[in-house]
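*Asks:* Please find one structure pasted underneath; my questions will follow.
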There are 2 protein chains.
Amino acid sequence: MSILAVGSVAFDSIATPAGRAENVLGGSATYFSLAASYFTDVRVVAVVGDDFTAEHESVLKKRGVDTQGIERAQGKTFRWGGQYLENLNEAKTDFTELNVFEKFQPRIPAAYKNSNFLFLGNIHPSLQAAVRREMDGVRLTGGDTMNFWIQGSRPELTETLKLVNVLLINDGEAKMLAGERNLPRAAQKVLALGPQAVVIKHGEYGATIFFREGAFGIGRHPFRAPALPIEEVMDPTGAGDSFAGGFMGYIASQDQLNREVLKRALFYGGVMGSYAVERFGTERLQSLTREEIEARFQVFRELTHLE
Amino acid sequence: MSILAVGSVAFDSIATPAGRAENVLGGSATYFSLAASYFTDVRVVAVVGDDFTAEHESVLKKRGVDTQGIERAQGKTFRWGGQYLENLNEAKTDFTELNVFEKFQPRIPAAYKNSNFLFLGNIHPSLQAAVRREMDGVRLTGGDTMNFWIQGSRPELTETLKLVNVLLINDGEAKMLAGERNLPRAAQKVLALGPQAVVIKHGEYGATIFFREGAFGIGRHPFRAPALPIEEVMDPTGAGDSFAGGFMGYIASQDQLNREVLKRALFYGGVMGSYAVERFGTERLQSLTREEIEARFQVFRELTHLE
């Protein structure tokens, strides 16, 4: 089945303890699309500037991603610079140049309207809501957000959360959104805002999915996928969007949406996130094979599996 | 089989967001022994003062713990006061009165010398090493330590680590001991100091066991046990020692020491830690049943188990 991703395309300048990379292709829609492309058909809606070349576009096209929804605007593509020199779990932003992204108004090509799944990357919640309202035939909507919107655009975010089936956020975001430091209680408060499930990402410790009572007909017991202990993290940028791409992509590849599918999706999310961080930018996500993905899935499974 | 625990018996005064408790029975040997008592025979070596009554001792005796190794010294029992008002993951110490614990010289009763397993609770590394040298017939020695010894008694600790088979520490301690922020690399550096395996506890995210190449004949792939997301943590005191008690107690209850036993032991560690924090002090550990332990083991297993 098909999945529509809406988010940012960016050029990132990144410094980590492993080195630096300048102006590498990034952005939430890019990481998500590449990760999801190993599982299902992906379409993308984003905006880029004059500096986005055919070569950049070919990164997505080579993975079979439909790029007709990438709008070209006059000016420069969104640029972000950040470093992880002190802490691999959290970027310190050096600069943000929104450029053409500042006036981004997602326009959904007619050919995308029949998409079965929707992922709302981390953009203004009002834009997320507008996209979701245009796509009322989707089976399931996943969404991301961040501290910036939780603090600065709470009313708009609250409206958007009513339209999202599965919210994917990290521990700090969940606690901030809920105003609650205990994780399972924070999860319940987030679910009360609208989503049927919330995936809370714990960085190197994996992720937990919490369900609203009765959601997807599968009861409310949480499920946790571990993350692989990685010795060499080269660049954490995009790990969360790659996780979302693996998670949503696997769900979209399955006929049924049940507990076992959601569990496996959580593992595939972790697998794609773990691959993303092995190289700078999207490099590793461009050249994976399904066999490599399955092999790491088995490693993840073995990591916690009792006979 | 039998397990000997050496550590502290204390009276704790604790403040948490859920309330306070004054002078409740605690200490590493107490939590460890109670947790391990659900799995195997436990003997304990510790020191207490005049204020340790028959009623206190009966807490251990009721669980079948052999208390003849608890030495009575003139003076008061070790007292500790701490609070978790800001952060449930880390105690802020209000006071430490070592009292009789200051001059603690573990004396091992002759009847304990045939113990099959040994747990060295968090005491001075030189005392740990002395005990270990007296118990040279043990099959496996587990040990704990803390930042205080890592920073202040590094040479003594280095000697002790050569005598410990499985070291149980938390993320921060592992990183400090290794001088390395990346967790799997820190684990490898800790293993290079002597232990065949290191269990690194991640608080609410569970624990990971890393193995030295060839240790226990089981390869070097790590294994991770998740922790239960707990909505009501009443008192985190003793969670680590209770984890160690479940882990070592389960190992001591098994004939074989193989990968599957160590995996299950890690889950039982998490189970006992999760029960410990549900009530103040050792209250919950005093009244468990094996059925409750098995039920939670299944919950933990279900939390990450893929069909």
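FYI, nothing fancy with the structure tokens labels: chains A, B, ... in order, residues from 1 per chain, ligands from 1 as they appear.
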With a distance cut-off of 7 Å and only C-alpha atoms, select the neighbouring residues of Gln83 (chain B), excluding the residue or stretch itself and same-chain residues fewer than 2 positions from it, and output the selection as a list in words.
*Replies:*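 Once the adjacent positions are removed, what remains is Ile14, Ala15, Thr16, Leu85, Ala91, Lys92 and Thr93 of chain B.
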*Asks:* Would you list the contacts of Gly273 (chain B) as a count of residues only, taking every protein, DNA or RNA residue within 7 Å and counting only C-alpha atoms, but skipping same-chain residues closer than 6 positions in sequence?
*Replies:* 4
*Asks:* Using only C-alpha atoms, which residues of chain B come within 7 Å of chain A, and what is the closest atom pair for each, with the distance in Å to one decimal? Give it as JSON lines, sorted by chain and residue number.
*Replies:*
```
{"residue": "B:Asn182", "atom": "CA", "partner": "A:Glu231", "partner_atom": "CA", "distance": 6.6}
{"residue": "B:Pro184", "atom": "CA", "partner": "A:Glu231", "partner_atom": "CA", "distance": 5.6}
{"residue": "B:Arg185", "atom": "CA", "partner": "A:Glu231", "partner_atom": "CA", "distance": 5.9}
{"residue": "B:Tyr205", "atom": "CA", "partner": "A:Tyr205", "partner_atom": "CA", "distance": 6.2}
{"residue": "B:Pro222", "atom": "CA", "partner": "A:Leu303", "partner_atom": "CA", "distance": 6.7}
{"residue": "B:Phe223", "atom": "CA", "partner": "A:Leu303", "partner_atom": "CA", "distance": 4.8}
{"residue": "B:Arg224", "atom": "CA", "partner": "A:Thr304", "partner_atom": "CA", "distance": 5.2}
{"residue": "B:Ala225", "atom": "CA", "partner": "A:Thr304", "partner_atom": "CA", "distance": 5.9}
{"residue": "B:Pro229", "atom": "CA", "partner": "A:Pro184", "partner_atom": "CA", "distance": 5.9}
{"residue": "B:Ile230", "atom": "CA", "partner": "A:Pro184", "partner_atom": "CA", "distance": 6.6}
{"residue": "B:Glu231", "atom": "CA", "partner": "A:Pro184", "partner_atom": "CA", "distance": 5.6}
{"residue": "B:Leu303", "atom": "CA", "partner": "A:Phe223", "partner_atom": "CA", "distance": 4.8}
{"residue": "B:Thr304", "atom": "CA", "partner": "A:Arg224", "partner_atom": "CA", "distance": 5.2}
{"residue": "B:His305", "atom": "CA", "partner": "A:His305", "partner_atom": "CA", "distance": 6.2}
```
*Asks:* For the selection you just gave me, I'd like the residues written to a file as an mmCIF file, in the first residue's frame, keeping N, CA, C and O atoms.
*Replies:*
```cif
data_model
loop_
_atom_site.group_PDB
_atom_site.id
_atom_site.type_symbol
_atom_site.label_atom_id
_atom_site.label_comp_id
_atom_site.auth_asym_id
_atom_site.auth_seq_id
_atom_site.Cartn_x
_atom_site.Cartn_y
_atom_site.Cartn_z
ATOM 1 N N ASN B 182 30.129 6.147 25.526
ATOM 2 C CA ASN B 182 29.337 5.219 24.707
ATOM 3 C C ASN B 182 29.149 3.915 25.493
ATOM 4 O O ASN B 182 30.125 3.299 25.937
ATOM 5 N N PRO B 184 28.102 0.606 24.936
ATOM 6 C CA PRO B 184 28.749 -0.685 24.630
ATOM 7 C C PRO B 184 30.269 -0.618 24.696
ATOM 8 O O PRO B 184 30.910 -1.597 25.100
ATOM 9 N N ARG B 185 30.848 0.519 24.349
ATOM 10 C CA ARG B 185 32.305 0.623 24.494
ATOM 11 C C ARG B 185 32.700 0.660 25.965
ATOM 12 O O ARG B 185 33.706 0.066 26.373
ATOM 13 N N TYR B 205 14.383 1.829 31.998
ATOM 14 C CA TYR B 205 14.526 1.248 30.661
ATOM 15 C C TYR B 205 15.065 -0.178 30.691
ATOM 16 O O TYR B 205 15.363 -0.747 29.647
ATOM 17 N N PRO B 222 25.293 -9.161 23.438
ATOM 18 C CA PRO B 222 24.616 -8.699 24.652
ATOM 19 C C PRO B 222 23.156 -9.141 24.668
ATOM 20 O O PRO B 222 22.607 -9.564 23.658
ATOM 21 N N PHE B 223 22.555 -9.058 25.814
ATOM 22 C CA PHE B 223 21.142 -9.368 25.975
ATOM 23 C C PHE B 223 20.524 -8.274 26.831
ATOM 24 O O PHE B 223 21.153 -7.774 27.767
ATOM 25 N N ARG B 224 19.319 -7.904 26.492
ATOM 26 C CA ARG B 224 18.677 -6.807 27.205
ATOM 27 C C ARG B 224 17.325 -7.239 27.752
ATOM 28 O O ARG B 224 16.560 -7.885 27.043
ATOM 29 N N ALA B 225 17.046 -6.904 28.990
ATOM 30 C CA ALA B 225 15.715 -7.123 29.560
ATOM 31 C C ALA B 225 15.063 -5.769 29.760
ATOM 32 O O ALA B 225 15.694 -4.850 30.270
ATOM 33 N N PRO B 229 7.055 -0.400 32.560
ATOM 34 C CA PRO B 229 6.717 1.005 32.839
ATOM 35 C C PRO B 229 5.784 1.056 34.042
ATOM 36 O O PRO B 229 4.693 0.522 34.006
ATOM 37 N N ILE B 230 6.247 1.618 35.128
ATOM 38 C CA ILE B 230 5.495 1.622 36.388
ATOM 39 C C ILE B 230 4.878 2.990 36.626
ATOM 40 O O ILE B 230 5.571 3.994 36.616
ATOM 41 N N GLU B 231 3.566 2.994 36.819
ATOM 42 C CA GLU B 231 2.892 4.278 37.017
ATOM 43 C C GLU B 231 3.130 4.829 38.414
ATOM 44 O O GLU B 231 3.242 6.023 38.602
ATOM 45 N N LEU B 303 6.092 -7.966 27.185
ATOM 46 C CA LEU B 303 6.377 -6.571 26.851
ATOM 47 C C LEU B 303 7.239 -6.451 25.599
ATOM 48 O O LEU B 303 7.132 -5.467 24.860
ATOM 49 N N THR B 304 8.100 -7.439 25.355
ATOM 50 C CA THR B 304 8.964 -7.339 24.167
ATOM 51 C C THR B 304 8.889 -8.564 23.269
ATOM 52 O O THR B 304 9.587 -8.616 22.266
ATOM 53 N N HIS B 305 8.072 -9.546 23.639
ATOM 54 C CA HIS B 305 8.122 -10.820 22.912
ATOM 55 C C HIS B 305 7.407 -10.745 21.570
ATOM 56 O O HIS B 305 6.239 -10.376 21.497
#
```
*Asks:* Tell me, as a list of chain:residue names, which residues lie within 7 Å of region 20-25 of chain B, counting only C-alpha atoms; anything in the same chain fewer than 6 positions away does not count.
*Replies:* B:Ala10, B:Phe11, B:Asp12, B:Ser13, B:Ile14, B:Phe280, B:Gly281, B:Thr282
*Asks:* Expressed in Å to a single decimal, how great is the separation between CA of Thr145 (chain A) and CA of Asn89 (chain B)?
*Replies:*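 Rounded to one decimal, the two atoms are 26.5 Å apart.
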*Asks:* Check the smallest atom-to-atom distance from each of A:Ala35, A:Leu285, A:Val9, A:Val65 to Phe78 (chain A) using only C-alpha atoms, then report the winner.
*Replies:* A:Val9
*Asks:* Residues near Gly143 (chain B), anyone? I mean within 6 Å using only C-alpha atoms, not counting same-chain ones fewer than 4 positions away, as a VMD selection string.
*Replies:* chain B and resid 119 to 120 167
*Asks:* Write the residues of the preceding selection, restricted to all heavy atoms, as a PDB file, in the first residue's frame.
*Replies:*
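Dumped everything to part_26.pdb:
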```
ATOM      1  N   PHE B 119      27.526 -12.850  46.665  1.00  0.00           N
ATOM      2  CA  PHE B 119      27.219 -11.497  46.206  1.00  0.00           C
ATOM      3  C   PHE B 119      27.897 -10.491  47.118  1.00  0.00           C
ATOM      4  O   PHE B 119      27.672 -10.481  48.328  1.00  0.00           O
ATOM      5  CB  PHE B 119      25.714 -11.222  46.195  1.00  0.00           C
ATOM      6  CG  PHE B 119      25.407  -9.806  45.764  1.00  0.00           C
ATOM      7  CD1 PHE B 119      25.626  -9.399  44.449  1.00  0.00           C
ATOM      8  CD2 PHE B 119      24.930  -8.865  46.678  1.00  0.00           C
ATOM      9  CE1 PHE B 119      25.362  -8.082  44.053  1.00  0.00           C
ATOM     10  CE2 PHE B 119      24.676  -7.548  46.279  1.00  0.00           C
ATOM     11  CZ  PHE B 119      24.889  -7.166  44.966  1.00  0.00           C
ATOM     12  N   LEU B 120      28.732  -9.666  46.502  1.00  0.00           N
ATOM     13  CA  LEU B 120      29.459  -8.628  47.231  1.00  0.00           C
ATOM     14  C   LEU B 120      28.706  -7.312  47.068  1.00  0.00           C
ATOM     15  O   LEU B 120      28.793  -6.658  46.027  1.00  0.00           O
ATOM     16  CB  LEU B 120      30.883  -8.507  46.686  1.00  0.00           C
ATOM     17  CG  LEU B 120      31.715  -9.803  46.771  1.00  0.00           C
ATOM     18  CD1 LEU B 120      32.984  -9.677  45.927  1.00  0.00           C
ATOM     19  CD2 LEU B 120      32.050 -10.135  48.218  1.00  0.00           C
ATOM     20  N   LEU B 167      29.708  -8.135  37.315  1.00  0.00           N
ATOM     21  CA  LEU B 167      29.573  -6.840  37.986  1.00  0.00           C
ATOM     22  C   LEU B 167      28.220  -6.248  37.623  1.00  0.00           C
ATOM     23  O   LEU B 167      27.827  -6.260  36.452  1.00  0.00           O
ATOM     24  CB  LEU B 167      30.696  -5.905  37.525  1.00  0.00           C
ATOM     25  CG  LEU B 167      30.719  -4.515  38.158  1.00  0.00           C
ATOM     26  CD1 LEU B 167      31.061  -4.589  39.651  1.00  0.00           C
ATOM     27  CD2 LEU B 167      31.711  -3.606  37.431  1.00  0.00           C
TER      28      LEU B 167
END
```
*Asks:* Go through region 88-301 of chain B and collect every residue that DSSP, computed from the backbone, puts in strand (DSSP E); the answer should be as a ChimeraX atom specification.
*Replies:* /B:92-97,117-120,140-144,166-170,197-201,207-211,223-225
*Asks:* Would you compute the distance between CA of Ser126 (chain A) and CA of Leu168 (chain A)? Give it in Å to one decimal.
*Replies:* 17.3 Å
*Asks:* As a PyMOL selection string, please: the residues near Leu4 (chain B) (cut-off 9 Å, only C-alpha atoms, same-chain neighbours under 2 positions excluded).
*Replies:* chain B and resi 2+6+33+41-45+112-113+115-120
*Asks:* With C-alpha atoms retained, could you export that selection as a tab-separated table (two decimals), in the first residue's frame?
*Replies:*
```
chain	number	residue	atom	x	y	z
B	2	SER	CA	23.07	-21.44	48.50
B	6	VAL	CA	27.74	-9.50	52.17
B	33	SER	CA	18.61	-11.24	50.64
B	41	ASP	CA	18.86	-20.42	50.24
B	42	VAL	CA	20.40	-17.15	51.37
B	43	ARG	CA	22.98	-16.45	54.05
B	44	VAL	CA	23.93	-12.94	55.06
B	45	VAL	CA	27.03	-11.30	56.53
B	112	TYR	CA	28.73	-20.33	55.25
B	113	LYS	CA	32.01	-21.41	53.69
B	115	SER	CA	28.07	-21.35	49.79
B	116	ASN	CA	27.90	-21.91	46.03
B	117	PHE	CA	27.36	-18.29	45.06
B	118	LEU	CA	28.57	-15.01	46.48
B	119	PHE	CA	27.22	-11.50	46.21
B	120	LEU	CA	29.46	-8.63	47.23
```
*Asks:* Quick check, in Å to one decimal: how far apart do CA of Gly270 (chain B) and CA of Val190 (chain A) lie?
*Replies:*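 Taking CA of Gly270 (chain B) and CA of Val190 (chain A), their separation equals 26.4 Å.
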*Asks:* Contacts of Ala129 (chain B) at 8 Å or less, counting only C-alpha atoms, minus same-chain residues fewer than 4 places along, as an MDAnalysis selection string?
*Replies:* chainID B and resid 125 133 159:160 163
*Asks:* Would you mind telling me which residue in A:Tyr84, A:Thr77, A:Ala178, A:Asn165 lies nearest to Pro195 (chain A) when using only C-alpha atoms?
*Replies:* A:Asn165
